[in-house]
There are 2 protein chains.
Amino acid sequence: MAEAARRRGRPRAGAAADRRTAILRAASAEFAEAGYDGATMRAIAARADVDPALLHHYFGTKADLFAAAVDVPLRPDIEIPRLLAGPREGLGERVVRYVVETWDDPHFRRRGVALLRTAVGNRAGSGLLVGFLSRELLTRVAEAIGGEDARLRASLAASQIVGLVVARYAVRIEPLASASVDEVVALAGPTIQRYLVGDPPPSGP
Amino acid sequence: MAEAARRRGRPRAGAAADRRTAILRAASAEFAEAGYDGATMRAIAARADVDPALLHHYFGTKADLFAAAVDVPLRPDIEIPRLLAGPREGLGERVVRYVVETWDDPHFRRRGVALLRTAVGNRAGSGLLVGFLSRELLTRVAEAIGGEDARLRASLAASQIVGLVVARYAVRIEPLASASVDEVVALAGPTIQRYLVGDPPPSGP
């Protein structure tokens, strides 16, 4: 009976895990070959030999599928709007606190450092992660902050976040690697604030 | 006759290049095994089967030998004091301009990116470069700027420099990768200034 159902193209019970795995494998291959922007949900579906609707059903957007394929819970589509939604004066500190608290979590850190090593360690990996970050993160941030040099400011903020993550989690420069969340937020928060929002108004100590 | 000279332990004429190569190979192996702090000039000399004095004669300090072994002209022992020597108010901009102008040079960039990929791409590489930077760079900078959290501030400045270099040269995030030196200095200079010297006094536009 299972055989008959399969021949009629209906999903077998219990085959969902197989299909998920096939989709993830196809997504990894397609992202690696075509880059983040070049990879389409349609091409990934064709590679996995499933209906494109299944990709959306299991994984959501292309950004979600990418996060699942690299096995790092990156959700800029949700997190960026959330971080940008609060009051402007605390934006830099919120961003740094979010990044540090996320990466301080051992599970995220393990996966994140592995992704970072791949991305920085070889040219192909670079292109893929940068494509993802440009499309899903820099564009969102630049649109939100506005102004002529918004994208340059957003990419400078990204450079400080990348540097913070590399220094604290990947290569572990001390005492930054062991500093408390509050210490890092107090020092790096104003940097992100300045890049994204401009110089703060002068204030007393 | 050459044979006799060798047996008496005297260097052959024309053997300098061979000895240089042997020392560099021994240095690479010793740095990789023992880390930057753990590697000694004596151990490297023993590995290369030469007198320790020869290492100093050919390469100078341990920092110089490291730079030669990784084939990147890193000279923090010279550059850091030079950058710190000028007026305090322009320190951040001087540091960023020096970094960007150095890495914009194609020869340095090629070697620097290769070293960066090794350092971030795998754990062993990380330890070695971080050992070098901690000893030769952070310590010098922290001593020069002073204050209770000098080392933390110096490591934050290093994180922005690392992030700038990764974003502009290794993974090439646009528009940061194509921005002019002056644009990068104007945006990132005040960040380094704040980390190293503290918040600037309020000033009009």
# chains A, B, ... in the order shown; residues from 1 in each chain; ligands from 1

$ closest_atom_pairs --of "chain A" --to "chain B" --cutoff "8 Å" --atoms "only C-alpha atoms" --output "Markdown table"
| residue | atom | partner | partner_atom | distance |
| --- | --- | --- | --- | --- |
| A:Leu116 | CA | B:Gly121 | CA | 7.8 |
| A:Arg117 | CA | B:Gly121 | CA | 4.3 |
| A:Thr118 | CA | B:Gly121 | CA | 6.3 |
| A:Ala119 | CA | B:Val171 | CA | 7.6 |
| A:Val120 | CA | B:Arg117 | CA | 5.7 |
| A:Gly121 | CA | B:Gly121 | CA | 4.0 |
| A:Asn122 | CA | B:Arg117 | CA | 6.6 |
| A:Arg123 | CA | B:Val171 | CA | 7.4 |
| A:Ser126 | CA | B:Val171 | CA | 5.0 |
| A:Gly127 | CA | B:Val171 | CA | 6.8 |
| A:Val130 | CA | B:Ile173 | CA | 6.4 |
| A:Ser134 | CA | B:Ile173 | CA | 7.5 |
| A:Arg151 | CA | B:Pro175 | CA | 6.8 |
| A:Leu152 | CA | B:Pro175 | CA | 5.5 |
| A:Arg153 | CA | B:Leu187 | CA | 7.7 |
| A:Ser155 | CA | B:Leu176 | CA | 6.0 |
| A:Leu156 | CA | B:Leu176 | CA | 6.8 |
| A:Ala158 | CA | B:Ala167 | CA | 8.0 |
| A:Ser159 | CA | B:Gly163 | CA | 4.6 |
| A:Gln160 | CA | B:Gln160 | CA | 5.0 |
| A:Ile161 | CA | B:Gly163 | CA | 7.2 |
| A:Val162 | CA | B:Gly163 | CA | 5.2 |
| A:Gly163 | CA | B:Gly163 | CA | 3.5 |
| A:Leu164 | CA | B:Ser159 | CA | 5.2 |
| A:Val166 | CA | B:Val120 | CA | 7.5 |
| A:Ala167 | CA | B:Ser159 | CA | 5.6 |
| A:Ala170 | CA | B:Val120 | CA | 6.7 |
| A:Val171 | CA | B:Ser126 | CA | 5.0 |
| A:Arg172 | CA | B:Val130 | CA | 7.7 |
| A:Ile173 | CA | B:Val130 | CA | 6.4 |
| A:Glu174 | CA | B:Ser155 | CA | 7.0 |
| A:Pro175 | CA | B:Leu152 | CA | 5.5 |
| A:Leu176 | CA | B:Leu152 | CA | 5.8 |
| A:Ala179 | CA | B:Leu152 | CA | 7.9 |
| A:Leu187 | CA | B:Tyr195 | CA | 7.2 |
| A:Ala188 | CA | B:Leu156 | CA | 7.5 |
| A:Thr191 | CA | B:Thr191 | CA | 5.9 |
| A:Tyr195 | CA | B:Leu187 | CA | 7.3 |
| A:Pro201 | CA | B:Pro202 | CA | 7.9 |
| A:Pro202 | CA | B:Pro202 | CA | 5.1 |
| A:Ser203 | CA | B:Pro202 | CA | 7.9 |

$ calpha_fit_rmsd --fixed "chain A" --moving "chain B"
0.3 Å

$ closest_residue --among "A:Ala34, A:Tyr98, A:Ala63, A:Ala48" --to "Leu84 (chain A)" --atoms "only C-alpha atoms"
A:Tyr98

$ select_by_dssp --residues "chain A" --states "alpha helix (DSSP H)" --output "VMD selection string"
chain A and resid 2 to 7 16 to 38 41 to 48 52 to 59 62 to 70 76 to 85 91 to 104 106 to 121 123 to 133 139 to 145 150 to 165 181 to 197

$ decode --residues "region 176-200 of chain A" --atoms "N, CA and C atoms" --output "PDB file, in the first residue's frame"
ATOM      1  N   LEU A 176      38.913  40.892  26.425  1.00  0.00           N
ATOM      2  CA  LEU A 176      37.602  41.012  25.787  1.00  0.00           C
ATOM      3  C   LEU A 176      36.814  39.699  25.846  1.00  0.00           C
ATOM      4  N   ALA A 177      37.513  38.572  25.706  1.00  0.00           N
ATOM      5  CA  ALA A 177      36.828  37.285  25.690  1.00  0.00           C
ATOM      6  C   ALA A 177      36.151  36.983  27.027  1.00  0.00           C
ATOM      7  N   SER A 178      36.708  37.481  28.115  1.00  0.00           N
ATOM      8  CA  SER A 178      36.171  37.190  29.449  1.00  0.00           C
ATOM      9  C   SER A 178      35.395  38.345  30.057  1.00  0.00           C
ATOM     10  N   ALA A 179      35.296  39.469  29.362  1.00  0.00           N
ATOM     11  CA  ALA A 179      34.595  40.630  29.928  1.00  0.00           C
ATOM     12  C   ALA A 179      33.108  40.319  30.080  1.00  0.00           C
ATOM     13  N   SER A 180      32.456  40.991  31.037  1.00  0.00           N
ATOM     14  CA  SER A 180      31.020  40.777  31.232  1.00  0.00           C
ATOM     15  C   SER A 180      30.235  41.411  30.091  1.00  0.00           C
ATOM     16  N   VAL A 181      28.987  40.958  29.941  1.00  0.00           N
ATOM     17  CA  VAL A 181      28.110  41.539  28.917  1.00  0.00           C
ATOM     18  C   VAL A 181      28.029  43.053  29.107  1.00  0.00           C
ATOM     19  N   ASP A 182      27.843  43.484  30.363  1.00  0.00           N
ATOM     20  CA  ASP A 182      27.680  44.917  30.628  1.00  0.00           C
ATOM     21  C   ASP A 182      28.919  45.727  30.225  1.00  0.00           C
ATOM     22  N   GLU A 183      30.099  45.168  30.496  1.00  0.00           N
ATOM     23  CA  GLU A 183      31.327  45.881  30.116  1.00  0.00           C
ATOM     24  C   GLU A 183      31.410  46.057  28.603  1.00  0.00           C
ATOM     25  N   VAL A 184      31.087  44.976  27.878  1.00  0.00           N
ATOM     26  CA  VAL A 184      31.169  45.042  26.414  1.00  0.00           C
ATOM     27  C   VAL A 184      30.131  46.015  25.871  1.00  0.00           C
ATOM     28  N   VAL A 185      28.908  45.965  26.442  1.00  0.00           N
ATOM     29  CA  VAL A 185      27.841  46.863  25.994  1.00  0.00           C
ATOM     30  C   VAL A 185      28.243  48.321  26.233  1.00  0.00           C
ATOM     31  N   ALA A 186      28.825  48.588  27.409  1.00  0.00           N
ATOM     32  CA  ALA A 186      29.192  49.968  27.747  1.00  0.00           C
ATOM     33  C   ALA A 186      30.256  50.514  26.790  1.00  0.00           C
ATOM     34  N   LEU A 187      31.182  49.657  26.358  1.00  0.00           N
ATOM     35  CA  LEU A 187      32.246  50.138  25.469  1.00  0.00           C
ATOM     36  C   LEU A 187      31.844  50.117  23.995  1.00  0.00           C
ATOM     37  N   ALA A 188      31.228  49.026  23.543  1.00  0.00           N
ATOM     38  CA  ALA A 188      30.947  48.887  22.104  1.00  0.00           C
ATOM     39  C   ALA A 188      29.595  49.480  21.714  1.00  0.00           C
ATOM     40  N   GLY A 189      28.662  49.607  22.678  1.00  0.00           N
ATOM     41  CA  GLY A 189      27.342  50.171  22.364  1.00  0.00           C
ATOM     42  C   GLY A 189      27.418  51.535  21.697  1.00  0.00           C
ATOM     43  N   PRO A 190      28.158  52.490  22.295  1.00  0.00           N
ATOM     44  CA  PRO A 190      28.247  53.819  21.675  1.00  0.00           C
ATOM     45  C   PRO A 190      28.860  53.802  20.274  1.00  0.00           C
ATOM     46  N   THR A 191      29.722  52.811  19.989  1.00  0.00           N
ATOM     47  CA  THR A 191      30.283  52.701  18.637  1.00  0.00           C
ATOM     48  C   THR A 191      29.179  52.414  17.628  1.00  0.00           C
ATOM     49  N   ILE A 192      28.362  51.411  17.929  1.00  0.00           N
ATOM     50  CA  ILE A 192      27.269  51.042  17.016  1.00  0.00           C
ATOM     51  C   ILE A 192      26.271  52.196  16.926  1.00  0.00           C
ATOM     52  N   GLN A 193      26.017  52.839  18.067  1.00  0.00           N
ATOM     53  CA  GLN A 193      25.119  53.997  18.096  1.00  0.00           C
ATOM     54  C   GLN A 193      25.612  55.080  17.123  1.00  0.00           C
ATOM     55  N   ARG A 194      26.900  55.400  17.210  1.00  0.00           N
ATOM     56  CA  ARG A 194      27.454  56.445  16.350  1.00  0.00           C
ATOM     57  C   ARG A 194      27.366  56.058  14.879  1.00  0.00           C
ATOM     58  N   TYR A 195      27.706  54.807  14.562  1.00  0.00           N
ATOM     59  CA  TYR A 195      27.648  54.391  13.163  1.00  0.00           C
ATOM     60  C   TYR A 195      26.220  54.488  12.631  1.00  0.00           C
ATOM     61  N   LEU A 196      25.262  54.054  13.428  1.00  0.00           N
ATOM     62  CA  LEU A 196      23.892  53.955  12.909  1.00  0.00           C
ATOM     63  C   LEU A 196      23.115  55.257  13.014  1.00  0.00           C
ATOM     64  N   VAL A 197      23.355  56.000  14.094  1.00  0.00           N
ATOM     65  CA  VAL A 197      22.484  57.152  14.379  1.00  0.00           C
ATOM     66  C   VAL A 197      23.259  58.468  14.315  1.00  0.00           C
ATOM     67  N   GLY A 198      24.574  58.418  14.333  1.00  0.00           N
ATOM     68  CA  GLY A 198      25.378  59.644  14.317  1.00  0.00           C
ATOM     69  C   GLY A 198      25.867  59.973  15.707  1.00  0.00           C
ATOM     70  N   ASP A 199      26.676  61.028  15.802  1.00  0.00           N
ATOM     71  CA  ASP A 199      27.258  61.395  17.088  1.00  0.00           C
ATOM     72  C   ASP A 199      26.171  61.735  18.093  1.00  0.00           C
ATOM     73  N   PRO A 200      26.328  61.266  19.335  1.00  0.00           N
ATOM     74  CA  PRO A 200      25.337  61.576  20.359  1.00  0.00           C
ATOM     75  C   PRO A 200      25.456  63.044  20.763  1.00  0.00           C
TER      76      PRO A 200
END
